[in-house]
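This report concerns only the one structure given below.
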Amino acid sequence: MSSRNVAIIAHVDHGKTTLVDQLFRQSGTFRDNQRVEERAMDSNDLEKERGITILAKCTSVEWQGTHINIVDTPGHADFGGEVERILSMVDGVILLVDAAEGPMPQTKFVTGKALALGLKPIVVVNKIDRPDARPSEVLDEVFDLFVLLDASDEQLDFPVLYASGRNGYAGETDDVRSGELKPLFDKIVEHVPAPSADPDGPFKFLVTLLDRDNFVGRILTGLVASGSIRVNSPIHALSPDGKVVETGRASKLMAFRGLDRVPVEEATAGDIISIAGLTTATVADTIADPSVTEPLHAQPIDPPTLSMRFAVNDSPMAGREGSKVTSRMIRDRLFREAESNVAIKVTESADKDSFEVAGRGELQLGVLIEMMRREGFELGISRPRVLFRSDEQGKRTEPYETVVIDVDDGYSGTVVEKMAQRKAELTDLRPSGGGKTRISFSAPSRGLIGYHGEFLSDTRGTGIMNRLFERYGPYKGQIEGRKNGVLISNGSGEANAYALGFLEERGVLMVAPGDPLYEGMIVGENAKTDDLEVNPMKAKQLTNFRASGGKDDAIRLTPPKRLTLEQAIAYIDEDELVEVTPASIRLRKTHLDPHERKRASRAAKAA
């Protein structure tokens, strides 16, 4: 049976995973009466909740005698470490573009990677049934993007289909409104070349994904570049620089059939398979016949640009809500994550109580913290810091991002002003139709930390912001941080409604009556710029005198401002931490004792 290996690439929310669902249904992968969840490929809980693809996944369908391996890639640049490797094991890409939004920053990121590898794209203009669809303009934008990304003449001669992934139809013209996905299947078979692997050479296989299974251990997924392999064949793993990492046997081989991994006895060149049986081989290693000494070329990975400190939770409430609180447990979990996710780097501090975790962006690290929290971990998390470098002249450089913002016309002035305060440079401003403006900036990543929440408030929740790593550029100098100070609890106990009633005029509260508090915990945002120590536990003094008027005034409190994990991480300052447990997210000062805080503050100013 002939085979095709293809990846689906697109911006967040342009409909990749929904389209794959329909490919499953129409190829007969699912039985007619089989109950399947919507967006079946987004199997992780966080993926379902956020509606984004975090982990790349392989699947396959049969179409008229051709076995089509499909890889669903993450659309968000924070998970780009996945995308680069996946593209090296396919022979073609389907570029999915929203018929109204057109190519977006992440489309540019993934498409650039695909074109650089020489892959020929099939362009699918999706959501063609949207009332605001503008297919011909979007197609022009895609062509312009390809030219900008130095596509070859052959890549510029791409086939185009118009589709509605949700309704399961595709066609050659933009007026298609019914039918099925047969034109897309046919295009894949006709346009994507068969794998150019060498069936007669020695067995070689490049690891592109790493997974764990409680029963068989490490599962290594990738493309068989040459030769063939049978179950229990002797193999060894070579690192990218050619050193032998380990030797062993292929105890289990698995291929993808629909959503399932199915055991197979043999795999040959061009197949995408998973191998179990090795204990230390990891992503970018070459698994090969023991006679092979030269590793396969592995795609270099873009470096991390942002880091956070993950520390043992040392607050007075430590250990009450989580089951995994020791530094050893945190260490094992972080190193396991870094092993399978090559875009993350973990370094241990000298005191062994904290770890510097570097990644591609706030979303990627936020997802890791949320996953650990759900697994029962308690952590203290610092404010994100960008990773600086030095250029050839020894000058300091920092990461920059391309930011594309879509807002209603009335908010564009506020957005431009706020971005200018954050040292962003305006690169493009144009109307995008329907009373909206599209604004593009080149901005230092440092200035964007914590801006998203403010941006949503400024645009009344209607603005859309997309960010993408651009380059390392000159250091932009001091960028103003949070303007307001915080209200800090001066003792431990439970928050009292009477005390909170008086504190409301001081600022915005983040706790409710009955919440447990401790000294040094942040209970609200001060209306002024400095920090203020307050007593949120103070109860009303009981006296023998009744209040004049016959009854005490009832206390009416405004509901507290509860921050999500991402908001909390973006909100805190350099001298603060987020205490993350399975049940709570609390803000606190790094030094809980007020005298220690003063000493640390003086030392920081002196430095």
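Ordering of the structure tokens sets the chain letters (A, B, ...), residue numbers begin anew at 1 in every chain, and ligands are numbered from 1 in the order given.
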- Task: Tell me which protein, DNA and RNA residues are within 6 Å of Tyr169 of chain A, counting only C-alpha atoms, leaving out same-chain ones fewer than 6 positions away, and put them as a list in words.
- Result: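 The contact residues come out as Ala163, Ser178, Gly179, Glu180 and Leu181 of chain A.
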- Message: Just want the 9 Å neighbourhood of segment 511-520 of chain A, counted on only C-alpha atoms, with same-chain residues fewer than 4 positions away dropped. Output as an NGL selection string.
- Response: :A and (315-317 or 488-498 or 500 or 524 or 533 or 536-537 or 557 or 559-562 or 588-594)
- Message: Considering only helix (DSSP H, G or I) as DSSP defines it on the backbone, what residues of segment 189-331 of chain A qualify? List them as an NGL selection string.
- Response: :A and (189-191 or 327-331)
Using 12 Å as the limit and counting only C-alpha atoms, can you tabulate each residue of segment 255-328 of chain A that touches segment 392-414 of chain A, with its shortest atom-to-atom distance in Å and the two atoms involved, as a tab-separated table?
residue	atom	partner	partner_atom	distance
A:Asp302	CA	A:Pro399	CA	12.0
A:Pro303	CA	A:Pro399	CA	10.5
A:Pro304	CA	A:Pro399	CA	9.7
A:Thr305	CA	A:Pro399	CA	6.5
A:Leu306	CA	A:Pro399	CA	8.8
Put those residues in a file: all heavy atoms, as an mmCIF file, in the first residue's frame.
data_model
loop_
_atom_site.group_PDB
_atom_site.id
_atom_site.type_symbol
_atom_site.label_atom_id
_atom_site.label_comp_id
_atom_site.auth_asym_id
_atom_site.auth_seq_id
_atom_site.Cartn_x
_atom_site.Cartn_y
_atom_site.Cartn_z
ATOM 1 N N ASP A 302 14.853 26.674 17.990
ATOM 2 C CA ASP A 302 15.020 28.072 18.403
ATOM 3 C C ASP A 302 15.228 28.133 19.914
ATOM 4 O O ASP A 302 14.584 27.402 20.659
ATOM 5 C CB ASP A 302 13.762 28.889 18.029
ATOM 6 C CG ASP A 302 13.722 29.205 16.540
ATOM 7 O OD1 ASP A 302 14.728 28.919 15.867
ATOM 8 O OD2 ASP A 302 12.700 29.700 16.061
ATOM 9 N N PRO A 303 16.095 29.014 20.399
ATOM 10 C CA PRO A 303 16.422 29.030 21.833
ATOM 11 C C PRO A 303 15.297 29.610 22.679
ATOM 12 O O PRO A 303 14.466 30.373 22.181
ATOM 13 C CB PRO A 303 17.649 29.952 21.889
ATOM 14 C CG PRO A 303 17.479 30.861 20.712
ATOM 15 C CD PRO A 303 16.799 30.056 19.647
ATOM 16 N N PRO A 304 15.266 29.280 23.996
ATOM 17 C CA PRO A 304 14.258 29.886 24.882
ATOM 18 C C PRO A 304 14.510 31.387 25.023
ATOM 19 O O PRO A 304 15.649 31.849 24.871
ATOM 20 C CB PRO A 304 14.482 29.191 26.234
ATOM 21 C CG PRO A 304 15.482 28.127 26.022
ATOM 22 C CD PRO A 304 16.145 28.352 24.709
ATOM 23 N N THR A 305 13.446 32.150 25.303
ATOM 24 C CA THR A 305 13.588 33.609 25.415
ATOM 25 C C THR A 305 13.128 34.135 26.773
ATOM 26 O O THR A 305 13.282 35.307 27.066
ATOM 27 C CB THR A 305 12.753 34.314 24.331
ATOM 28 O OG1 THR A 305 11.394 33.888 24.462
ATOM 29 C CG2 THR A 305 13.244 33.997 22.939
ATOM 30 N N LEU A 306 12.535 33.273 27.590
ATOM 31 C CA LEU A 306 11.906 33.727 28.835
ATOM 32 C C LEU A 306 12.182 32.707 29.922
ATOM 33 O O LEU A 306 12.234 31.512 29.642
ATOM 34 C CB LEU A 306 10.399 33.810 28.580
ATOM 35 C CG LEU A 306 9.538 34.596 29.548
ATOM 36 C CD1 LEU A 306 9.658 36.086 29.236
ATOM 37 C CD2 LEU A 306 8.084 34.179 29.390
#
- Message: Here is a test: counting only C-alpha atoms, which residue of A:Thr280, A:Asp198, A:Ala250, A:Leu509 is nearest to Glu266 of chain A?
- Response: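 Of all the options, A:Ala250 lies closest to Glu266 of chain A.
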- What lies within 7 Å of Ser274 of chain A using only C-alpha atoms, ignoring chain neighbours under 2 positions off, as JSON, numbers by chain? {"A": [219, 220, 221, 222, 253, 254, 255, 276]}
- Message: Give me, as a count of residues only, all polymer residues having an atom no more than 6 Å from segment 114-126 of chain A, counting only C-alpha atoms and skipping those fewer than 6 positions away in the same chain.
- Response: 16
- Arg4 of chain A environment, 12 Å, only C-alpha atoms, sequence neighbours closer than 4 positions dropped, as number ranges by chain: A: 59-63, 65-71, 89-93, 185-197, 223, 270-272
With C-alpha atoms retained, could you export that selection as a CSV table (one decimal), in the first residue's frame?
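Writing done, so here's out.csv:
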chain,number,residue,atom,x,y,z
A,59,THR,CA,-2.9,9.9,13.3
A,60,SER,CA,-3.7,8.2,10.0
A,61,VAL,CA,-6.5,7.5,7.6
A,62,GLU,CA,-7.0,5.1,4.7
A,63,TRP,CA,-8.2,6.7,1.4
A,65,GLY,CA,-5.7,2.3,-1.1
A,66,THR,CA,-3.4,5.0,0.2
A,67,HIS,CA,-2.3,5.2,3.9
A,68,ILE,CA,-2.2,8.9,4.9
A,69,ASN,CA,-0.3,9.8,8.0
A,70,ILE,CA,-1.5,13.2,9.3
A,71,VAL,CA,0.2,15.2,12.0
A,89,MET,CA,9.1,13.8,9.2
A,90,VAL,CA,6.5,14.8,6.6
A,91,ASP,CA,6.7,15.3,2.8
A,92,GLY,CA,4.0,17.9,2.4
A,93,VAL,CA,1.9,20.4,4.4
A,185,PHE,CA,-8.1,13.6,-0.1
A,186,ASP,CA,-7.4,13.6,-3.8
A,187,LYS,CA,-5.2,16.6,-3.6
A,188,ILE,CA,-3.1,15.0,-0.8
A,189,VAL,CA,-2.6,11.8,-2.9
A,190,GLU,CA,-1.8,13.7,-6.1
A,191,HIS,CA,0.3,16.6,-4.7
A,192,VAL,CA,2.2,15.3,-1.7
A,193,PRO,CA,5.1,13.1,-2.8
A,194,ALA,CA,5.5,9.5,-1.4
A,195,PRO,CA,8.2,9.2,1.3
A,196,SER,CA,11.6,9.4,-0.3
A,197,ALA,CA,13.1,6.9,2.1
A,223,LEU,CA,9.9,8.6,10.6
A,270,GLY,CA,8.8,5.9,5.0
A,271,ASP,CA,6.6,4.7,7.9
A,272,ILE,CA,5.8,6.9,10.9
- Query: What is the distance between atom CA of Lys127 of chain A and atom CA of Asp21 of chain A, in Å to one decimal?
  - Reply: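 Atom-to-atom, atom CA of Lys127 of chain A and atom CA of Asp21 of chain A are spaced 14.8 Å apart.
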